[in-house]
file data.cif (mmCIF, C-alpha atoms)
data_upload
#
loop_
_atom_site.label_atom_id
_atom_site.label_comp_id
_atom_site.auth_asym_id
_atom_site.auth_seq_id
_atom_site.Cartn_x
_atom_site.Cartn_y
_atom_site.Cartn_z
CA MET B 1 101.75 -12.86 -80.16
CA THR B 2 100.49 -14.17 -76.82
CA GLY B 3 101.56 -17.25 -74.90
CA SER B 4 98.31 -19.04 -75.83
CA THR B 5 98.83 -18.21 -79.52
CA THR B 6 102.32 -19.65 -79.36
CA LEU B 7 100.98 -22.84 -77.75
CA SER B 8 98.35 -23.32 -80.45
CA GLN B 9 100.97 -22.77 -83.16
CA LEU B 10 103.33 -25.22 -81.51
CA ARG B 11 100.67 -27.90 -81.18
CA GLU B 12 99.77 -27.47 -84.85
CA LEU B 13 103.43 -27.73 -85.89
CA LEU B 14 103.93 -30.90 -83.88
CA ARG B 15 100.66 -32.36 -85.19
CA GLN B 16 101.60 -31.66 -88.80
CA HIS B 17 104.94 -33.39 -88.36
CA GLN B 18 103.49 -36.18 -86.18
CA ILE B 19 105.94 -35.34 -83.40
CA ARG B 20 105.51 -35.98 -79.71
CA ALA B 21 107.92 -34.64 -77.10
CA THR B 22 110.48 -37.32 -76.22
CA LYS B 23 110.98 -37.93 -72.52
CA ARG B 24 114.36 -39.55 -73.16
CA LEU B 25 115.65 -36.25 -74.59
CA GLY B 26 114.08 -34.18 -71.83
CA GLN B 27 111.99 -32.22 -74.34
CA HIS B 28 109.93 -29.42 -72.79
CA PHE B 29 109.32 -26.60 -75.26
CA LEU B 30 109.11 -23.03 -73.96
CA ILE B 31 105.89 -21.63 -75.43
CA ASP B 32 105.29 -18.39 -73.49
CA TYR B 33 106.18 -15.59 -75.90
CA ASN B 34 107.03 -13.09 -73.17
CA MET B 35 109.45 -15.57 -71.62
CA LEU B 36 111.03 -16.27 -75.01
CA VAL B 37 111.64 -12.55 -75.47
CA ALA B 38 113.05 -12.26 -71.93
CA VAL B 39 115.54 -15.06 -72.61
CA ALA B 40 116.76 -13.32 -75.75
CA ALA B 41 116.95 -9.95 -74.00
CA ALA B 42 119.16 -11.37 -71.23
CA ALA B 43 121.89 -12.06 -73.81
CA ASP B 44 122.32 -8.35 -74.65
CA LEU B 45 122.14 -9.12 -78.34
CA GLY B 46 123.57 -6.88 -81.02
CA GLU B 47 123.30 -6.91 -84.79
CA GLU B 48 126.90 -8.13 -85.13
CA ASP B 49 126.52 -11.07 -82.73
CA THR B 50 126.78 -14.77 -83.45
CA VAL B 51 124.57 -16.93 -81.24
CA VAL B 52 124.90 -20.68 -80.70
CA GLU B 53 121.48 -21.95 -79.66
CA VAL B 54 121.58 -25.33 -77.94
CA GLY B 55 118.42 -27.40 -78.29
CA ALA B 56 116.66 -25.28 -80.90
CA GLY B 57 113.59 -27.54 -80.80
CA THR B 58 110.68 -26.05 -82.74
CA GLY B 59 112.51 -22.82 -83.58
CA LEU B 60 110.27 -20.40 -81.66
CA LEU B 61 113.25 -18.90 -79.82
CA THR B 62 115.48 -19.28 -82.89
CA ALA B 63 113.25 -16.94 -84.89
CA ILE B 64 113.35 -14.29 -82.15
CA LEU B 65 117.15 -14.51 -81.93
CA ALA B 66 117.57 -14.36 -85.71
CA ARG B 67 115.74 -11.03 -85.90
CA GLN B 68 118.30 -9.43 -83.58
CA VAL B 69 121.71 -10.83 -84.54
CA ALA B 70 123.99 -11.44 -87.52
CA GLU B 71 123.59 -15.20 -87.35
CA VAL B 72 122.27 -18.09 -85.29
CA ILE B 73 123.86 -21.54 -85.26
CA ALA B 74 120.97 -23.72 -84.11
CA VAL B 75 122.10 -27.07 -82.69
CA GLU B 76 119.51 -29.83 -82.35
CA ILE B 77 120.04 -33.54 -81.68
CA ASP B 78 116.55 -34.77 -82.66
CA PRO B 79 116.32 -35.44 -86.44
CA ARG B 80 112.55 -34.87 -86.33
CA MET B 81 113.10 -31.38 -84.95
CA VAL B 82 115.87 -30.70 -87.46
CA GLU B 83 113.43 -31.44 -90.28
CA LEU B 84 110.86 -29.15 -88.69
CA LEU B 85 113.45 -26.37 -88.22
CA GLN B 86 114.58 -26.58 -91.81
CA GLU B 87 110.98 -26.17 -92.92
CA THR B 88 109.91 -23.37 -90.57
CA LEU B 89 113.16 -21.40 -90.91
CA HIS B 90 113.82 -21.95 -94.63
CA SER B 91 113.31 -18.25 -95.40
CA THR B 92 115.44 -17.09 -92.46
CA HIS B 93 118.80 -16.75 -94.17
CA ASN B 94 120.96 -16.05 -91.10
CA VAL B 95 120.23 -19.39 -89.37
CA THR B 96 122.44 -22.46 -89.79
CA VAL B 97 120.87 -25.67 -88.47
CA VAL B 98 123.32 -28.28 -87.16
CA GLN B 99 122.11 -31.76 -86.25
CA SER B 100 124.41 -32.92 -83.46
CA ASP B 101 124.80 -33.89 -79.84
CA ILE B 102 126.21 -30.65 -78.43
CA LEU B 103 128.62 -32.62 -76.23
CA GLN B 104 130.16 -34.23 -79.32
CA VAL B 105 130.97 -31.02 -81.19
CA THR B 106 133.41 -28.29 -80.18
CA PRO B 107 132.74 -24.55 -80.47
CA GLU B 108 135.46 -24.40 -83.14
CA GLN B 109 133.60 -27.01 -85.19
CA LEU B 110 130.32 -25.14 -84.83
CA LEU B 111 131.91 -21.89 -85.92
CA SER B 112 133.28 -23.58 -89.03
CA SER B 113 129.87 -25.01 -90.02
CA PRO B 114 129.17 -24.95 -93.78
CA GLY B 115 126.83 -22.18 -94.83
CA ARG B 116 127.78 -19.67 -92.13
CA GLN B 117 127.28 -16.05 -93.10
CA SER B 118 130.22 -14.81 -90.99
CA ASP B 119 133.73 -15.79 -90.01
CA ARG B 120 133.53 -14.22 -86.53
CA GLN B 121 134.97 -16.41 -83.78
CA SER B 122 133.32 -14.64 -80.84
CA TYR B 123 129.89 -15.95 -79.90
CA LYS B 124 127.18 -16.15 -77.25
CA VAL B 125 125.23 -19.20 -76.13
CA VAL B 126 121.48 -19.30 -75.54
CA ALA B 127 119.98 -22.59 -74.40
CA ASN B 128 116.91 -24.25 -72.94
CA LEU B 129 118.81 -27.18 -71.45
CA PRO B 130 117.33 -30.60 -70.73
CA TYR B 131 117.77 -31.03 -67.01
CA TYR B 132 119.79 -34.23 -67.29
CA ILE B 133 122.65 -32.66 -69.27
CA THR B 134 122.82 -29.22 -67.65
CA SER B 135 126.17 -29.65 -65.90
CA PRO B 136 127.96 -31.37 -68.82
CA VAL B 137 126.82 -28.67 -71.28
CA LEU B 138 127.88 -25.83 -69.00
CA ARG B 139 131.27 -27.48 -68.49
CA HIS B 140 131.56 -28.11 -72.24
CA PHE B 141 131.41 -24.38 -72.98
CA ILE B 142 132.98 -22.63 -69.98
CA THR B 143 136.09 -24.84 -70.07
CA ALA B 144 136.41 -24.77 -73.88
CA ARG B 145 139.47 -23.30 -75.55
CA LEU B 146 137.13 -20.99 -77.43
CA LYS B 147 134.73 -19.85 -74.71
CA PRO B 148 131.53 -17.87 -75.33
CA ASP B 149 131.39 -14.24 -74.25
CA LEU B 150 128.36 -15.14 -72.20
CA MET B 151 125.71 -17.82 -71.80
CA VAL B 152 122.00 -17.49 -71.08
CA VAL B 153 120.61 -20.84 -70.03
CA MET B 154 117.29 -22.09 -68.75
CA VAL B 155 117.78 -24.74 -66.08
CA GLN B 156 115.85 -26.47 -63.32
CA GLU B 157 115.18 -23.89 -60.60
CA GLU B 158 117.03 -25.82 -57.92
CA VAL B 159 120.08 -26.14 -60.17
CA GLY B 160 119.91 -22.46 -61.08
CA ARG B 161 119.91 -21.48 -57.41
CA ALA B 162 122.92 -23.74 -56.81
CA ILE B 163 124.80 -22.17 -59.74
CA THR B 164 124.18 -18.64 -58.45
CA ALA B 165 124.71 -19.43 -54.75
CA GLU B 166 126.85 -17.19 -52.56
CA PRO B 167 129.22 -18.21 -49.73
CA GLY B 168 127.11 -19.76 -47.03
CA ASP B 169 125.18 -21.88 -49.54
CA MET B 170 127.94 -22.93 -51.94
CA SER B 171 128.19 -26.44 -53.38
CA LEU B 172 130.53 -28.30 -55.70
CA LEU B 173 128.40 -27.14 -58.64
CA SER B 174 128.60 -23.51 -57.47
CA VAL B 175 132.39 -23.67 -57.32
CA ALA B 176 132.67 -25.52 -60.65
CA VAL B 177 130.69 -22.85 -62.51
CA GLN B 178 131.91 -19.76 -60.64
CA LEU B 179 135.52 -20.73 -61.25
CA PHE B 180 134.98 -19.83 -64.92
CA ALA B 181 132.04 -17.40 -64.99
CA HIS B 182 130.06 -14.88 -62.98
CA PRO B 183 126.46 -16.13 -62.71
CA SER B 184 123.36 -14.03 -62.17
CA LYS B 185 119.65 -14.86 -61.99
CA VAL B 186 117.50 -13.44 -64.77
CA ARG B 187 114.02 -14.68 -63.96
CA ARG B 188 111.98 -17.63 -62.77
CA VAL B 189 109.96 -19.54 -65.36
CA PRO B 190 106.88 -21.44 -64.10
CA ALA B 191 106.35 -24.97 -65.38
CA ARG B 192 103.13 -23.86 -67.13
CA CYS B 193 105.23 -21.87 -69.63
CA PHE B 194 106.41 -25.14 -71.22
CA TYR B 195 104.75 -27.75 -73.38
CA PRO B 196 104.54 -30.37 -72.08
CA PRO B 197 105.00 -28.82 -68.61
CA PRO B 198 107.84 -30.31 -66.51
CA LYS B 199 107.27 -31.26 -62.89
CA VAL B 200 109.32 -28.32 -61.56
CA ASP B 201 109.82 -24.65 -62.34
CA SER B 202 112.88 -23.32 -64.16
CA LEU B 203 115.28 -20.43 -63.76
CA VAL B 204 116.97 -18.37 -66.47
CA VAL B 205 120.62 -17.82 -65.55
CA ARG B 206 123.20 -15.63 -67.25
CA LEU B 207 126.89 -16.57 -67.11
CA ASP B 208 129.50 -13.95 -67.99
CA THR B 209 132.67 -15.94 -68.67
CA PHE B 210 136.09 -14.91 -67.37
CA SER B 211 138.84 -14.35 -69.90
CA SER B 212 141.43 -15.51 -67.32
CA PRO B 213 139.98 -17.99 -64.79
CA LEU B 214 141.80 -18.67 -61.52
CA VAL B 215 142.56 -22.24 -62.59
CA GLU B 216 143.61 -23.28 -66.09
CA PRO B 217 140.83 -25.30 -67.80
CA GLY B 218 143.28 -28.18 -68.24
CA ARG B 219 143.63 -28.49 -64.47
CA ALA B 220 139.97 -27.95 -63.63
CA ALA B 221 139.25 -31.65 -63.06
CA GLU B 222 142.16 -31.93 -60.64
CA PHE B 223 141.02 -28.82 -58.77
CA LEU B 224 137.40 -29.93 -58.57
CA HIS B 225 138.46 -33.36 -57.31
CA PHE B 226 140.13 -31.54 -54.42
CA VAL B 227 137.01 -29.40 -53.82
CA ALA B 228 134.86 -32.55 -53.83
CA ALA B 229 137.06 -33.91 -51.04
CA GLY B 230 136.33 -30.75 -49.08
CA PHE B 231 132.60 -31.28 -49.61
CA HIS B 232 132.88 -34.93 -48.55
CA SER B 233 130.77 -34.21 -45.46
CA PRO B 234 128.77 -31.05 -46.16
CA ARG B 235 127.43 -29.19 -43.13
CA LYS B 236 130.33 -30.52 -41.09
CA GLN B 237 133.45 -28.56 -40.18
CA LEU B 238 136.11 -28.32 -42.87
CA ARG B 239 138.60 -30.08 -40.64
CA ASN B 240 136.41 -33.17 -40.38
CA SER B 241 135.22 -33.10 -43.99
CA PHE B 242 138.76 -32.89 -45.38
CA CYS B 243 140.06 -35.63 -43.07
CA HIS B 244 137.55 -38.02 -44.64
CA GLY B 245 137.67 -36.61 -48.17
CA LEU B 246 141.47 -36.52 -48.43
CA ASP B 247 141.97 -39.55 -46.20
CA ALA B 248 144.41 -37.35 -44.29
CA THR B 249 145.36 -36.88 -40.65
CA ARG B 250 143.91 -34.10 -38.54
CA GLU B 251 147.40 -32.63 -38.23
CA TYR B 252 147.82 -32.44 -42.00
CA VAL B 253 144.43 -30.82 -42.53
CA ASN B 254 144.94 -28.33 -39.70
CA GLY B 255 148.30 -27.37 -41.18
CA LEU B 256 146.80 -26.95 -44.64
CA LEU B 257 144.02 -24.69 -43.41
CA SER B 258 146.43 -22.73 -41.25
CA GLN B 259 148.66 -21.99 -44.28
CA VAL B 260 145.92 -19.98 -45.94
CA GLY B 261 144.36 -18.56 -42.79
CA ILE B 262 141.08 -20.47 -42.92
CA ASP B 263 139.41 -21.41 -39.63
CA ALA B 264 139.22 -25.20 -39.39
CA THR B 265 135.76 -24.97 -37.85
CA ARG B 266 134.22 -23.31 -40.92
CA ARG B 267 131.94 -25.36 -43.12
CA PRO B 268 132.63 -26.12 -46.82
CA GLU B 269 129.62 -24.17 -48.07
CA THR B 270 131.00 -20.91 -46.57
CA LEU B 271 134.21 -20.80 -48.65
CA THR B 272 134.64 -18.52 -51.64
CA VAL B 273 136.03 -19.81 -54.94
CA GLU B 274 139.24 -17.86 -54.23
CA GLU B 275 139.64 -19.61 -50.87
CA TRP B 276 139.22 -23.02 -52.51
CA VAL B 277 141.92 -22.11 -55.04
CA HIS B 278 144.31 -20.98 -52.26
CA LEU B 279 143.66 -24.23 -50.38
CA TRP B 280 144.29 -26.33 -53.47
CA GLU B 281 147.53 -24.51 -54.22
CA ALA B 282 148.65 -24.97 -50.59
CA ASN B 283 147.89 -28.69 -50.85
CA LEU B 284 150.00 -28.93 -54.04
CA ARG B 285 152.90 -27.13 -52.40
CA THR B 286 152.72 -29.34 -49.33
CA LYS B 287 152.65 -32.52 -51.39
CA GLU B 288 155.56 -31.34 -53.53
CA SER B 289 157.60 -30.59 -50.41
CA GLY B 290 156.99 -34.12 -49.14
CA ALA B 291 155.39 -32.86 -45.94
CA CYS B 292 152.17 -34.85 -46.36
#

call {"tool": "encode", "arguments": {"input": "data.cif", "output": "C-alpha cells"}}
result
Amino acid sequence: MTGSTTLSQLRELLRQHQIRATKRLGQHFLIDYNMLVAVAAAADLGEEDTVVEVGAGTGLLTAILARQVAEVIAVEIDPRMVELLQETLHSTHNVTVVQSDILQVTPEQLLSSPGRQSDRQSYKVVANLPYYITSPVLRHFITARLKPDLMVVMVQEEVGRAITAEPGDMSLLSVAVQLFAHPSKVRRVPARCFYPPPKVDSLVVRLDTFSSPLVEPGRAAEFLHFVAAGFHSPRKQLRNSFCHGLDATREYVNGLLSQVGIDATRRPETLTVEEWVHLWEANLRTKESGAC
C-alpha cells in the first residue's frame, strides 16, 4: 500500500461517514503508509505486547499495530471516529475501542476495559497527539502509578526537539519529561504526510520510562515549580534568574548554588536533570534548617 492509496482510502472512509476533520480536536490523520509502519516499528512490538493507542482516529495505524501485538486498546474521544473504528475493525478481534478523553481515564481503567483479551498489566503507548494536549498527555502517562514501558508519540517538531534537548538547550519541558523517561528522536514527519496537512512538520519521539525516577511522581509538581523559578529569566545567569524566580536575595541564591557546586554564572538551559534535582534538594534542606 502506498501513501497515495492510503489517502484515497481515507478520503473515501470519511466521505462515507460524512466526517470532516475537526479543528477543535486538532485532527490531522497520518496517511503515509511508510510513516505509519515506522511509528509502529519504533515501539519494538512483540506478539505478547499490549498497546494503548491514543487518538486512534480512522484506524489506519490501529490495524498495523493489531497485526503485530496481542492486543490494542484504541482510545478515541470523537464519537464519529469511534463509530468508524467499530465498523472498519469489526473483524479485528484483538482491538478494544474505548470512547474517552484520555486525560479522564487512568491506565488502570484502560487495562480493565470490558472485552480485553488479556489480563497483562504491562503496556506500551503509541500516539499521534493533537498539538494542544501534548504536554498533558505525556505527563498523564509518565507520572502515572502504572507507567508504560515506553511511549512512541508524534508531536509538533518544535516540541519534539524540546523534549529531546540536551544540556545547553534544555527547557522546563525538557526537564519535566527527562525526569521520568529517556527520550530519543525517531524521525521527522513532513506536514504533507497528514490529511488535512498541519501548518508545521512533526517529529516521532520515543520515551523509555524509568522504573525509579529521581523524584517521586507525587512530588513532581513541587519540583517543577522550583525548576520554573530557575527558568524565570532564560538566557540569563542562574544567579539572576533564581533571584527573580524565587524572590530571594543574591546571598541566598549564591549559597544554594555553592552547596551543590554549580557556578552561579551558568545559564538555566545548561543544567542537567540531575543538577536540578540536587539544587531542589538543597533548597528543601536550607528551608527546613530555617536558613532562608

call {"tool": "residues_around", "arguments": {"input": "data.cif", "residues": "range 188-194 of chain B", "least_positions_apart": "6", "cutoff": "10 Å", "atoms": "only C-alpha atoms", "output": "list in words"}}
result
Gly3, Ser4, Leu7, Gln27, His28, Phe29, Leu30, Ile31, Asp32, Tyr33, Asn34, Met35, Leu36, Met154, Val155, Gln156, Glu157, Gly160, Val200, Asp201, Ser202, Leu203, Val204 and Val205 of chain B

call {"tool": "resolve_selection", "arguments": {"input": "data.cif", "expression": "the PyMOL selection byres ((chain B and resi 242) around 8)", "output": "ChimeraX atom specification"}}
result
/B:229-232,238-241,243-248,253

call {"tool": "axis_aligned_box", "arguments": {"input": "data.cif", "around": "range 182-190 of chain B", "padding_each_side": "4 Å", "output": "AutoDock Vina command-line options"}}
result
--center_x 118.5 --center_y -17.4 --center_z -63.7 --size_x 31.2 --size_y 16.0 --size_z 11.4

call {"tool": "atom_distance", "arguments": {"input": "data.cif", "atom1": "CA of Arg250 in chain B", "atom2": "CA of Ala165 in chain B"}}
result
29.1 Å

call {"tool": "residues_around", "arguments": {"input": "data.cif", "residues": "Leu172 in chain B", "least_positions_apart": "3", "cutoff": "12 Å", "atoms": "all atoms listed in the file", "output": "PyMOL selection string"}}
result
chain B and resi 135+159+162-165+167+169+175-179+221+223-234+268-273+276

call {"tool": "write_last_selection", "arguments": {"input": "data.cif", "atoms": "C-alpha atoms", "output": "compact mmCIF listing (two decimals), in the coordinates of the input"}}
result
# COMPACT_ATOMS: atom_id res chain seq x y z
CA SER B 135 126.17 -29.65 -65.90
CA VAL B 159 120.08 -26.14 -60.17
CA ALA B 162 122.92 -23.74 -56.81
CA ILE B 163 124.80 -22.17 -59.74
CA THR B 164 124.18 -18.64 -58.45
CA ALA B 165 124.71 -19.43 -54.75
CA PRO B 167 129.22 -18.21 -49.73
CA ASP B 169 125.18 -21.88 -49.54
CA VAL B 175 132.39 -23.67 -57.32
CA ALA B 176 132.67 -25.52 -60.65
CA VAL B 177 130.69 -22.85 -62.51
CA GLN B 178 131.91 -19.76 -60.64
CA LEU B 179 135.52 -20.73 -61.25
CA ALA B 221 139.25 -31.65 -63.06
CA PHE B 223 141.02 -28.82 -58.77
CA LEU B 224 137.40 -29.93 -58.57
CA HIS B 225 138.46 -33.36 -57.31
CA PHE B 226 140.13 -31.54 -54.42
CA VAL B 227 137.01 -29.40 -53.82
CA ALA B 228 134.86 -32.55 -53.83
CA ALA B 229 137.06 -33.91 -51.04
CA GLY B 230 136.33 -30.75 -49.08
CA PHE B 231 132.60 -31.28 -49.61
CA HIS B 232 132.88 -34.93 -48.55
CA SER B 233 130.77 -34.21 -45.46
CA PRO B 234 128.77 -31.05 -46.16
CA PRO B 268 132.63 -26.12 -46.82
CA GLU B 269 129.62 -24.17 -48.07
CA THR B 270 131.00 -20.91 -46.57
CA LEU B 271 134.21 -20.80 -48.65
CA THR B 272 134.64 -18.52 -51.64
CA VAL B 273 136.03 -19.81 -54.94
CA TRP B 276 139.22 -23.02 -52.51

call {"tool": "atom_distance", "arguments": {"input": "data.cif", "atom1": "CA of Ala38 in chain B", "atom2": "CA of Met170 in chain B"}}
result
27.1 Å

call {"tool": "residues_around", "arguments": {"input": "data.cif", "residues": "Arg139 in chain B", "least_positions_apart": "2", "cutoff": "10 Å", "atoms": "only C-alpha atoms", "output": "list in words"}}
result
Leu103, Thr134, Ser135, Pro136, Val137, Phe141, Ile142, Thr143, Ala144, Ala176, Val177, Phe180, Pro217 and Ala220 of chain B

call {"tool": "resolve_selection", "arguments": {"input": "data.cif", "expression": "the PyMOL selection byres ((chain B and resi 118) around 8)", "output": "list in words"}}
result
Ala70, Glu71, Arg116, Gln117, Asp119 and Arg120 of chain B

call {"tool": "write_last_selection", "arguments": {"input": "data.cif", "atoms": "C-alpha atoms", "output": "short mmCIF file (atom, residue, chain, number, x, y, z; two decimals), in the coordinates of the input"}}
result
data_model
loop_
_atom_site.label_atom_id
_atom_site.label_comp_id
_atom_site.auth_asym_id
_atom_site.auth_seq_id
_atom_site.Cartn_x
_atom_site.Cartn_y
_atom_site.Cartn_z
CA ALA B 70 123.99 -11.44 -87.52
CA GLU B 71 123.59 -15.20 -87.35
CA ARG B 116 127.78 -19.67 -92.13
CA GLN B 117 127.28 -16.05 -93.10
CA ASP B 119 133.73 -15.79 -90.01
CA ARG B 120 133.53 -14.22 -86.53
#

call {"tool": "atom_distance", "arguments": {"input": "data.cif", "atom1": "CA of Ser171 in chain B", "atom2": "CA of Ser211 in chain B"}}
result
23.1 Å

call {"tool": "residues_around", "arguments": {"input": "data.cif", "residues": "Asp44 in chain B", "least_positions_apart": "4", "cutoff": "10 Å", "atoms": "all atoms listed in the file", "output": "list in words"}}
result
Val39, Ala40, Asp49, Gln68, Lys124, Leu150 and Val152 of chain B

call {"tool": "write_last_selection", "arguments": {"input": "data.cif", "atoms": "C-alpha atoms", "output": "PDB file, in the coordinates of the input"}}
result
ATOM      1  CA  VAL B  39     115.540 -15.060 -72.610  1.00  0.00           C
ATOM      2  CA  ALA B  40     116.760 -13.320 -75.750  1.00  0.00           C
ATOM      3  CA  ASP B  49     126.520 -11.070 -82.730  1.00  0.00           C
ATOM      4  CA  GLN B  68     118.300  -9.430 -83.580  1.00  0.00           C
ATOM      5  CA  LYS B 124     127.180 -16.150 -77.250  1.00  0.00           C
ATOM      6  CA  LEU B 150     128.360 -15.140 -72.200  1.00  0.00           C
ATOM      7  CA  VAL B 152     122.000 -17.490 -71.080  1.00  0.00           C
TER       8      VAL B 152
END

call {"tool": "closest_residue", "arguments": {"input": "data.cif", "among": "B:Thr106, B:Thr88, B:Ser100, B:Thr50", "to": "Gln121 in chain B", "atoms": "only C-alpha atoms"}}
result
B:Thr50

call {"tool": "resolve_selection", "arguments": {"input": "data.cif", "expression": "the PyMOL selection byres ((chain B and resi 11-20) around 9)", "output": "list in words"}}
result
Thr6, Leu7, Ser8, Gln9, Leu10, Ala21, Thr22, Thr58, Arg80, Met81, Glu83, Leu84 and Tyr195 of chain B

call {"tool": "residues_around", "arguments": {"input": "data.cif", "residues": "Val97 in chain B", "least_positions_apart": "2", "cutoff": "7 Å", "atoms": "all atoms listed in the file", "output": "list in words"}}
result
Ile73, Ala74, Val75, Val95 and Gln99 of chain B

call {"tool": "closest_residue", "arguments": {"input": "data.cif", "among": "B:Val125, B:Val37, B:Leu85, B:Val105", "to": "Val54 in chain B", "atoms": "only C-alpha atoms"}}
result
B:Val125

call {"tool": "closest_residue", "arguments": {"input": "data.cif", "among": "B:Thr286, B:Thr62, B:Gln86, B:Asn94", "to": "Glu47 in chain B", "atoms": "all atoms listed in the file"}}
result
B:Asn94

call {"tool": "closest_residue", "arguments": {"input": "data.cif", "among": "B:Arg67, B:Arg145, B:His93, B:Lys236", "to": "Ser212 in chain B", "atoms": "all atoms listed in the file"}}
result
B:Arg145

call {"tool": "closest_residue", "arguments": {"input": "data.cif", "among": "B:Val277, B:Met151, B:Val82, B:Val98", "to": "Val51 in chain B", "atoms": "only C-alpha atoms"}}
result
B:Met151

call {"tool": "build_atoms", "arguments": {"input": "data.cif", "residues": "range 261-279 of chain B", "atoms": "N, CA and C atoms", "output": "PDB file, in the coordinates of the input"}}
result
ATOM      1  N   GLY B 261     145.115 -19.369 -43.737  1.00  0.00           N
ATOM      2  CA  GLY B 261     144.360 -18.560 -42.790  1.00  0.00           C
ATOM      3  C   GLY B 261     142.869 -18.838 -42.771  1.00  0.00           C
ATOM      4  N   ILE B 262     142.492 -20.102 -42.960  1.00  0.00           N
ATOM      5  CA  ILE B 262     141.080 -20.470 -42.920  1.00  0.00           C
ATOM      6  C   ILE B 262     140.796 -21.231 -41.637  1.00  0.00           C
ATOM      7  N   ASP B 263     139.808 -20.784 -40.896  1.00  0.00           N
ATOM      8  CA  ASP B 263     139.410 -21.410 -39.630  1.00  0.00           C
ATOM      9  C   ASP B 263     138.946 -22.840 -39.897  1.00  0.00           C
ATOM     10  N   ALA B 264     139.532 -23.787 -39.183  1.00  0.00           N
ATOM     11  CA  ALA B 264     139.220 -25.200 -39.390  1.00  0.00           C
ATOM     12  C   ALA B 264     137.791 -25.555 -39.024  1.00  0.00           C
ATOM     13  N   THR B 265     137.130 -24.675 -38.263  1.00  0.00           N
ATOM     14  CA  THR B 265     135.760 -24.970 -37.850  1.00  0.00           C
ATOM     15  C   THR B 265     134.717 -24.449 -38.845  1.00  0.00           C
ATOM     16  N   ARG B 266     135.172 -23.759 -39.887  1.00  0.00           N
ATOM     17  CA  ARG B 266     134.220 -23.310 -40.920  1.00  0.00           C
ATOM     18  C   ARG B 266     133.668 -24.507 -41.681  1.00  0.00           C
ATOM     19  N   ARG B 267     132.570 -24.286 -42.353  1.00  0.00           N
ATOM     20  CA  ARG B 267     131.940 -25.360 -43.120  1.00  0.00           C
ATOM     21  C   ARG B 267     132.216 -25.152 -44.617  1.00  0.00           C
ATOM     22  N   PRO B 268     132.263 -26.226 -45.390  1.00  0.00           N
ATOM     23  CA  PRO B 268     132.630 -26.120 -46.820  1.00  0.00           C
ATOM     24  C   PRO B 268     131.791 -25.109 -47.592  1.00  0.00           C
ATOM     25  N   GLU B 269     130.501 -25.037 -47.290  1.00  0.00           N
ATOM     26  CA  GLU B 269     129.620 -24.170 -48.070  1.00  0.00           C
ATOM     27  C   GLU B 269     129.869 -22.672 -47.841  1.00  0.00           C
ATOM     28  N   THR B 270     130.725 -22.330 -46.858  1.00  0.00           N
ATOM     29  CA  THR B 270     131.000 -20.910 -46.570  1.00  0.00           C
ATOM     30  C   THR B 270     132.212 -20.377 -47.346  1.00  0.00           C
ATOM     31  N   LEU B 271     132.988 -21.245 -47.981  1.00  0.00           N
ATOM     32  CA  LEU B 271     134.210 -20.800 -48.650  1.00  0.00           C
ATOM     33  C   LEU B 271     133.909 -20.149 -49.998  1.00  0.00           C
ATOM     34  N   THR B 272     134.717 -19.138 -50.323  1.00  0.00           N
ATOM     35  CA  THR B 272     134.640 -18.520 -51.640  1.00  0.00           C
ATOM     36  C   THR B 272     135.454 -19.365 -52.632  1.00  0.00           C
ATOM     37  N   VAL B 273     135.253 -19.116 -53.925  1.00  0.00           N
ATOM     38  CA  VAL B 273     136.030 -19.810 -54.940  1.00  0.00           C
ATOM     39  C   VAL B 273     137.517 -19.508 -54.746  1.00  0.00           C
ATOM     40  N   GLU B 274     137.835 -18.251 -54.440  1.00  0.00           N
ATOM     41  CA  GLU B 274     139.240 -17.860 -54.230  1.00  0.00           C
ATOM     42  C   GLU B 274     139.868 -18.647 -53.088  1.00  0.00           C
ATOM     43  N   GLU B 275     139.114 -18.854 -52.010  1.00  0.00           N
ATOM     44  CA  GLU B 275     139.640 -19.610 -50.870  1.00  0.00           C
ATOM     45  C   GLU B 275     139.894 -21.071 -51.255  1.00  0.00           C
ATOM     46  N   TRP B 276     139.004 -21.648 -52.046  1.00  0.00           N
ATOM     47  CA  TRP B 276     139.220 -23.020 -52.510  1.00  0.00           C
ATOM     48  C   TRP B 276     140.497 -23.109 -53.344  1.00  0.00           C
ATOM     49  N   VAL B 277     140.727 -22.117 -54.201  1.00  0.00           N
ATOM     50  CA  VAL B 277     141.920 -22.110 -55.040  1.00  0.00           C
ATOM     51  C   VAL B 277     143.172 -22.008 -54.166  1.00  0.00           C
ATOM     52  N   HIS B 278     143.148 -21.126 -53.164  1.00  0.00           N
ATOM     53  CA  HIS B 278     144.310 -20.980 -52.260  1.00  0.00           C
ATOM     54  C   HIS B 278     144.579 -22.283 -51.510  1.00  0.00           C
ATOM     55  N   LEU B 279     143.509 -22.951 -51.086  1.00  0.00           N
ATOM     56  CA  LEU B 279     143.660 -24.230 -50.380  1.00  0.00           C
ATOM     57  C   LEU B 279     144.273 -25.286 -51.292  1.00  0.00           C
TER      58      LEU B 279
END
